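I have placed the structure first, in the form of structure tokens, so that the comments after it can refer back to it.
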Amino acid sequence: MILGMSRAATTTDAFNAVAEPRRRQILDLLAGGERPVGDLVRVLELAQPQVSKHLRVLREVGAVDVREDGRRRLYRVNGHALKPIHDWVKNYERSWSDRFDRLDVVLENLKQEDLRHKDDERKEEADDGA
């Protein structure tokens, strides 16, 4: 029963659907434009049924669209369906930026301290040699 619940959550929620690494790889590949299943199979080096299963999950949550082109089915990213993920991550962007800014300050201070230490060592060596 738990397995069924997990599967249902995966196929109804973009967050859960893209939590799977292979599905993220597929989205990364499709971000460059439309691709047929055969291209995805070749690049991912997976069996066609595995790729099709991942594409089905991504289609069910709306993350990818498919269109018929003769006998081929071309897949593409549907950015609109991924917007909730973008919006959620964006909430953390300010926090991450602030932390990276603070890290830059710490690294610059360490760099300056290291330069001062090397200058002091050079002065000591010069004084010892005199």
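Residue numbering restarts at 1 for every chain of the structure tokens, chains are lettered A, B, ... in their displayed order, and ligands are numbered from 1 as they appear.
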Per-residue nearest contacts stretch 47-92 of chain A to stretch 14-28 of chain A, cut-off 9 Å, using only C-alpha atoms, as CSV:
```
residue,atom,partner,partner_atom,distance
A:Val51,CA,A:Ile26,CA,8.4
A:His54,CA,A:Arg23,CA,6.0
A:Leu55,CA,A:Arg23,CA,7.6
A:Val57,CA,A:Ala17,CA,6.7
A:Leu58,CA,A:Ala17,CA,6.5
A:Val61,CA,A:Ala14,CA,5.6
A:Gly62,CA,A:Ala14,CA,7.8
A:Ala63,CA,A:Ala14,CA,7.0
A:Val64,CA,A:Leu27,CA,7.9
A:Arg76,CA,A:Leu27,CA,8.2
A:Val77,CA,A:Leu27,CA,6.5
A:Ala81,CA,A:Ala14,CA,7.4
A:Leu82,CA,A:Ala14,CA,6.8
A:Pro84,CA,A:Ala14,CA,8.2
A:Ile85,CA,A:Phe15,CA,6.6
```
Inset, instruction - Mind checking which residues fall within 12 Å of A:Gly38, counting only C-alpha atoms, ignoring those fewer than 4 positions away in the same chain, and posting them as a list of chain:residue names? - result: A:Glu34, A:Arg42, A:Val43, A:Leu44, A:Glu45, A:Leu46, A:Ala47, A:Gln48, A:Pro49, A:Gln50, A:Val51, A:Ser52, A:Arg72, A:Arg73, A:Leu74, A:Tyr75
Using the selection just defined, write its residues with C-alpha atoms as a compact mmCIF listing (two decimals), in the first residue's frame.
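result.txt was written with the following content:
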```txt
# COMPACT_ATOMS: atom_id res chain seq x y z
CA GLU A 34 12.72 19.02 -28.69
CA ARG A 42 21.20 7.08 -26.85
CA VAL A 43 22.46 9.95 -24.70
CA LEU A 44 21.30 8.50 -21.38
CA GLU A 45 22.42 4.97 -22.31
CA LEU A 46 19.21 3.53 -20.88
CA ALA A 47 16.78 1.02 -22.31
CA GLN A 48 13.92 2.58 -24.26
CA PRO A 49 11.24 1.29 -21.82
CA GLN A 50 13.03 3.01 -18.90
CA VAL A 51 13.20 6.33 -20.75
CA SER A 52 9.56 6.00 -21.78
CA ARG A 72 8.02 10.22 -34.28
CA ARG A 73 7.02 11.60 -30.91
CA LEU A 74 8.98 14.71 -29.98
CA TYR A 75 9.30 15.71 -26.35
```
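In this structure, atom CA of A:Lys90 sits 19.1 Å away from atom CA of A:Arg102.
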Inset, instruction - May I ask for the distance between atom CA of A:Leu110 and atom CA of A:Asp98, given in Å to one decimal place? - result: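 Going from atom CA of A:Leu110 over to atom CA of A:Asp98 covers 18.6 Å.
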Inset, instruction - Return the single residue from A:Asn91, A:Glu125, A:Glu60, A:Pro36 that is closest to A:Thr12, with distances computed using only C-alpha atoms. - result: A:Glu60
Select from stretch 11-116 of chain A everything DSSP, run on the backbone, classes as alpha helix (DSSP H), then give the selection as an mmCIF file with N, CA and C atoms, in the first residue's frame.
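Once written, result_20.cif looks like this:
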```cif
data_model
loop_
_atom_site.group_PDB
_atom_site.id
_atom_site.type_symbol
_atom_site.label_atom_id
_atom_site.label_comp_id
_atom_site.auth_asym_id
_atom_site.auth_seq_id
_atom_site.Cartn_x
_atom_site.Cartn_y
_atom_site.Cartn_z
ATOM 1 N N THR A 11 3.584 10.854 -9.447
ATOM 2 C CA THR A 11 2.954 11.179 -10.713
ATOM 3 C C THR A 11 1.987 12.352 -10.623
ATOM 4 N N THR A 12 1.827 12.927 -9.447
ATOM 5 C CA THR A 12 0.911 14.063 -9.335
ATOM 6 C C THR A 12 1.615 15.342 -8.909
ATOM 7 N N ALA A 14 5.122 17.792 -9.340
ATOM 8 C CA ALA A 14 6.356 18.073 -10.083
ATOM 9 C C ALA A 14 7.591 17.950 -9.191
ATOM 10 N N PHE A 15 7.483 18.345 -7.920
ATOM 11 C CA PHE A 15 8.627 18.252 -7.013
ATOM 12 C C PHE A 15 9.101 16.806 -6.889
ATOM 13 N N ASN A 16 8.171 15.892 -6.656
ATOM 14 C CA ASN A 16 8.534 14.480 -6.530
ATOM 15 C C ASN A 16 9.010 13.911 -7.860
ATOM 16 N N ALA A 17 8.368 14.314 -8.942
ATOM 17 C CA ALA A 17 8.749 13.788 -10.252
ATOM 18 C C ALA A 17 10.191 14.156 -10.598
ATOM 19 N N PRO A 21 16.872 11.489 -10.252
ATOM 20 C CA PRO A 21 17.991 12.021 -11.044
ATOM 21 C C PRO A 21 17.868 11.810 -12.558
ATOM 22 N N ARG A 22 17.379 10.660 -12.982
ATOM 23 C CA ARG A 22 17.255 10.417 -14.430
ATOM 24 C C ARG A 22 16.238 11.370 -15.047
ATOM 25 N N ARG A 23 15.190 11.682 -14.319
ATOM 26 C CA ARG A 23 14.192 12.612 -14.855
ATOM 27 C C ARG A 23 14.780 14.009 -14.981
ATOM 28 N N ARG A 24 15.623 14.384 -14.039
ATOM 29 C CA ARG A 24 16.298 15.685 -14.156
ATOM 30 C C ARG A 24 17.226 15.687 -15.361
ATOM 31 N N GLN A 25 17.902 14.571 -15.613
ATOM 32 C CA GLN A 25 18.761 14.477 -16.792
ATOM 33 C C GLN A 25 17.930 14.653 -18.063
ATOM 34 N N ILE A 26 16.773 14.015 -18.091
ATOM 35 C CA ILE A 26 15.896 14.156 -19.260
ATOM 36 C C ILE A 26 15.488 15.606 -19.437
ATOM 37 N N LEU A 27 15.103 16.267 -18.352
ATOM 38 C CA LEU A 27 14.722 17.682 -18.447
ATOM 39 C C LEU A 27 15.898 18.527 -18.918
ATOM 40 N N ASP A 28 17.098 18.224 -18.429
ATOM 41 C CA ASP A 28 18.288 18.964 -18.875
ATOM 42 C C ASP A 28 18.487 18.806 -20.379
ATOM 43 N N LEU A 29 18.313 17.594 -20.874
ATOM 44 C CA LEU A 29 18.478 17.354 -22.309
ATOM 45 C C LEU A 29 17.392 18.070 -23.117
ATOM 46 N N LEU A 30 16.177 18.040 -22.609
ATOM 47 C CA LEU A 30 15.073 18.675 -23.326
ATOM 48 C C LEU A 30 15.120 20.202 -23.226
ATOM 49 N N VAL A 37 12.419 10.157 -28.467
ATOM 50 C CA VAL A 37 12.826 9.192 -27.441
ATOM 51 C C VAL A 37 14.174 8.557 -27.787
ATOM 52 N N GLY A 38 14.371 8.236 -29.071
ATOM 53 C CA GLY A 38 15.618 7.588 -29.477
ATOM 54 C C GLY A 38 16.857 8.387 -29.095
ATOM 55 N N ASP A 39 16.799 9.706 -29.230
ATOM 56 C CA ASP A 39 17.934 10.551 -28.828
ATOM 57 C C ASP A 39 18.183 10.434 -27.331
ATOM 58 N N LEU A 40 17.107 10.469 -26.560
ATOM 59 C CA LEU A 40 17.242 10.383 -25.100
ATOM 60 C C LEU A 40 17.818 9.031 -24.693
ATOM 61 N N VAL A 41 17.352 7.964 -25.333
ATOM 62 C CA VAL A 41 17.866 6.617 -25.051
ATOM 63 C C VAL A 41 19.362 6.566 -25.319
ATOM 64 N N ARG A 42 19.779 7.111 -26.466
ATOM 65 C CA ARG A 42 21.198 7.077 -26.853
ATOM 66 C C ARG A 42 22.061 7.880 -25.883
ATOM 67 N N VAL A 43 21.642 9.084 -25.567
ATOM 68 C CA VAL A 43 22.459 9.947 -24.704
ATOM 69 C C VAL A 43 22.503 9.418 -23.262
ATOM 70 N N LEU A 44 21.361 8.974 -22.765
ATOM 71 C CA LEU A 44 21.297 8.499 -21.380
ATOM 72 C C LEU A 44 21.826 7.081 -21.208
ATOM 73 N N GLN A 48 15.043 1.756 -23.827
ATOM 74 C CA GLN A 48 13.915 2.580 -24.258
ATOM 75 C C GLN A 48 12.727 2.502 -23.297
ATOM 76 N N PRO A 49 12.370 1.320 -22.758
ATOM 77 C CA PRO A 49 11.245 1.293 -21.819
ATOM 78 C C PRO A 49 11.473 2.131 -20.562
ATOM 79 N N GLN A 50 12.728 2.188 -20.081
ATOM 80 C CA GLN A 50 13.035 3.010 -18.905
ATOM 81 C C GLN A 50 12.836 4.488 -19.221
ATOM 82 N N VAL A 51 13.347 4.921 -20.361
ATOM 83 C CA VAL A 51 13.201 6.326 -20.755
ATOM 84 C C VAL A 51 11.725 6.656 -20.935
ATOM 85 N N SER A 52 10.986 5.767 -21.567
ATOM 86 C CA SER A 52 9.558 6.003 -21.782
ATOM 87 C C SER A 52 8.810 6.107 -20.459
ATOM 88 N N LYS A 53 9.190 5.289 -19.491
ATOM 89 C CA LYS A 53 8.550 5.340 -18.163
ATOM 90 C C LYS A 53 8.801 6.703 -17.504
ATOM 91 N N HIS A 54 10.045 7.166 -17.570
ATOM 92 C CA HIS A 54 10.366 8.476 -16.987
ATOM 93 C C HIS A 54 9.616 9.589 -17.717
ATOM 94 N N LEU A 55 9.552 9.494 -19.040
ATOM 95 C CA LEU A 55 8.821 10.502 -19.811
ATOM 96 C C LEU A 55 7.332 10.497 -19.464
ATOM 97 N N ARG A 56 6.785 9.328 -19.217
ATOM 98 C CA ARG A 56 5.373 9.243 -18.850
ATOM 99 C C ARG A 56 5.122 9.975 -17.531
ATOM 100 N N VAL A 57 6.007 9.760 -16.548
ATOM 101 C CA VAL A 57 5.860 10.452 -15.261
ATOM 102 C C VAL A 57 5.964 11.966 -15.465
ATOM 103 N N LEU A 58 6.942 12.384 -16.250
ATOM 104 C CA LEU A 58 7.108 13.823 -16.502
ATOM 105 C C LEU A 58 5.906 14.399 -17.260
ATOM 106 N N ARG A 59 5.345 13.630 -18.174
ATOM 107 C CA ARG A 59 4.133 14.077 -18.890
ATOM 108 C C ARG A 59 2.954 14.194 -17.937
ATOM 109 N N GLU A 60 2.808 13.228 -17.037
ATOM 110 C CA GLU A 60 1.666 13.219 -16.116
ATOM 111 C C GLU A 60 1.655 14.434 -15.189
ATOM 112 N N GLY A 79 7.949 24.593 -19.363
ATOM 113 C CA GLY A 79 8.443 25.421 -18.264
ATOM 114 C C GLY A 79 7.363 25.870 -17.307
ATOM 115 N N HIS A 80 6.168 26.072 -17.816
ATOM 116 C CA HIS A 80 5.072 26.534 -16.957
ATOM 117 C C HIS A 80 4.817 25.550 -15.812
ATOM 118 N N ALA A 81 4.890 24.264 -16.103
ATOM 119 C CA ALA A 81 4.648 23.251 -15.072
ATOM 120 C C ALA A 81 5.764 23.218 -14.034
ATOM 121 N N LEU A 82 6.955 23.699 -14.410
ATOM 122 C CA LEU A 82 8.091 23.707 -13.476
ATOM 123 C C LEU A 82 8.168 24.999 -12.673
ATOM 124 N N LYS A 83 7.297 25.956 -12.958
ATOM 125 C CA LYS A 83 7.326 27.253 -12.270
ATOM 126 C C LYS A 83 7.197 27.125 -10.748
ATOM 127 N N PRO A 84 6.342 26.236 -10.223
ATOM 128 C CA PRO A 84 6.289 26.118 -8.753
ATOM 129 C C PRO A 84 7.639 25.766 -8.140
ATOM 130 N N ILE A 85 8.421 24.945 -8.836
ATOM 131 C CA ILE A 85 9.755 24.593 -8.332
ATOM 132 C C ILE A 85 10.646 25.828 -8.369
ATOM 133 N N HIS A 86 10.601 26.558 -9.465
ATOM 134 C CA HIS A 86 11.382 27.783 -9.589
ATOM 135 C C HIS A 86 11.011 28.775 -8.489
ATOM 136 N N ASP A 87 9.728 28.965 -8.282
ATOM 137 C CA ASP A 87 9.272 29.908 -7.260
ATOM 138 C C ASP A 87 9.736 29.491 -5.872
ATOM 139 N N TRP A 88 9.694 28.203 -5.583
ATOM 140 C CA TRP A 88 10.105 27.712 -4.272
ATOM 141 C C TRP A 88 11.608 27.936 -4.069
ATOM 142 N N VAL A 89 12.402 27.591 -5.086
ATOM 143 C CA VAL A 89 13.855 27.760 -4.982
ATOM 144 C C VAL A 89 14.209 29.241 -4.877
ATOM 145 N N LYS A 90 13.459 30.079 -5.577
ATOM 146 C CA LYS A 90 13.732 31.516 -5.565
ATOM 147 C C LYS A 90 13.648 32.089 -4.150
ATOM 148 N N ASN A 91 12.792 31.493 -3.310
ATOM 149 C CA ASN A 91 12.699 31.946 -1.917
ATOM 150 C C ASN A 91 14.027 31.831 -1.185
ATOM 151 N N TYR A 92 14.863 30.919 -1.620
ATOM 152 C CA TYR A 92 16.148 30.693 -0.961
ATOM 153 C C TYR A 92 17.292 31.475 -1.599
ATOM 154 N N GLU A 93 17.028 32.060 -2.746
ATOM 155 C CA GLU A 93 18.085 32.748 -3.482
ATOM 156 C C GLU A 93 18.731 33.862 -2.652
ATOM 157 N N ARG A 94 17.918 34.665 -1.977
ATOM 158 C CA ARG A 94 18.467 35.761 -1.172
ATOM 159 C C ARG A 94 19.352 35.226 -0.050
ATOM 160 N N SER A 95 18.883 34.173 0.593
ATOM 161 C CA SER A 95 19.672 33.566 1.664
ATOM 162 C C SER A 95 21.001 33.052 1.133
ATOM 163 N N TRP A 96 20.958 32.353 -0.003
ATOM 164 C CA TRP A 96 22.190 31.832 -0.590
ATOM 165 C C TRP A 96 23.117 32.968 -0.990
ATOM 166 N N SER A 97 22.574 34.020 -1.582
ATOM 167 C CA SER A 97 23.398 35.152 -2.006
ATOM 168 C C SER A 97 24.063 35.802 -0.807
ATOM 169 N N ASP A 98 23.302 35.984 0.274
ATOM 170 C CA ASP A 98 23.873 36.568 1.494
ATOM 171 C C ASP A 98 24.998 35.698 2.043
ATOM 172 N N ARG A 99 24.781 34.396 2.039
ATOM 173 C CA ARG A 99 25.814 33.488 2.561
ATOM 174 C C ARG A 99 27.060 33.508 1.682
ATOM 175 N N PHE A 100 26.870 33.533 0.371
ATOM 176 C CA PHE A 100 28.023 33.600 -0.521
ATOM 177 C C PHE A 100 28.761 34.924 -0.353
ATOM 178 N N ASP A 101 28.032 36.021 -0.141
ATOM 179 C CA ASP A 101 28.679 37.310 0.092
ATOM 180 C C ASP A 101 29.515 37.259 1.366
ATOM 181 N N ARG A 102 28.968 36.663 2.421
ATOM 182 C CA ARG A 102 29.722 36.542 3.683
ATOM 183 C C ARG A 102 30.937 35.636 3.492
ATOM 184 N N LEU A 103 30.779 34.575 2.725
ATOM 185 C CA LEU A 103 31.897 33.683 2.454
ATOM 186 C C LEU A 103 32.999 34.420 1.690
ATOM 187 N N ASP A 104 32.617 35.258 0.737
ATOM 188 C CA ASP A 104 33.598 36.059 -0.002
ATOM 189 C C ASP A 104 34.405 36.933 0.947
ATOM 190 N N VAL A 105 33.739 37.530 1.940
ATOM 191 C CA VAL A 105 34.427 38.383 2.917
ATOM 192 C C VAL A 105 35.411 37.552 3.735
ATOM 193 N N VAL A 106 34.973 36.390 4.191
ATOM 194 C CA VAL A 106 35.854 35.518 4.978
ATOM 195 C C VAL A 106 37.060 35.097 4.153
ATOM 196 N N LEU A 107 36.841 34.705 2.911
ATOM 197 C CA LEU A 107 37.948 34.282 2.061
ATOM 198 C C LEU A 107 38.916 35.421 1.781
ATOM 199 N N GLU A 108 38.393 36.613 1.561
ATOM 200 C CA GLU A 108 39.256 37.779 1.330
ATOM 201 C C GLU A 108 40.087 38.080 2.578
ATOM 202 N N ASN A 109 39.472 37.989 3.758
ATOM 203 C CA ASN A 109 40.207 38.210 5.009
ATOM 204 C C ASN A 109 41.313 37.171 5.189
ATOM 205 N N LEU A 110 40.998 35.910 4.881
ATOM 206 C CA LEU A 110 42.023 34.863 4.987
ATOM 207 C C LEU A 110 43.164 35.107 4.008
ATOM 208 N N LYS A 111 42.820 35.536 2.813
ATOM 209 C CA LYS A 111 43.834 35.834 1.801
ATOM 210 C C LYS A 111 44.742 36.971 2.271
ATOM 211 N N GLN A 112 44.157 38.027 2.811
ATOM 212 C CA GLN A 112 44.949 39.166 3.313
ATOM 213 C C GLN A 112 45.827 38.734 4.484
ATOM 214 N N GLU A 113 45.266 37.906 5.366
ATOM 215 C CA GLU A 113 46.032 37.415 6.510
ATOM 216 C C GLU A 113 47.214 36.575 6.040
ATOM 217 N N ASP A 114 46.996 35.748 5.031
ATOM 218 C CA ASP A 114 48.058 34.921 4.476
ATOM 219 C C ASP A 114 49.151 35.789 3.860
ATOM 220 N N LEU A 115 48.747 36.846 3.124
ATOM 221 C CA LEU A 115 49.731 37.758 2.531
ATOM 222 C C LEU A 115 50.551 38.467 3.608
ATOM 223 N N ARG A 116 49.869 38.913 4.687
ATOM 224 C CA ARG A 116 50.597 39.572 5.787
ATOM 225 C C ARG A 116 51.588 38.602 6.425
#
```
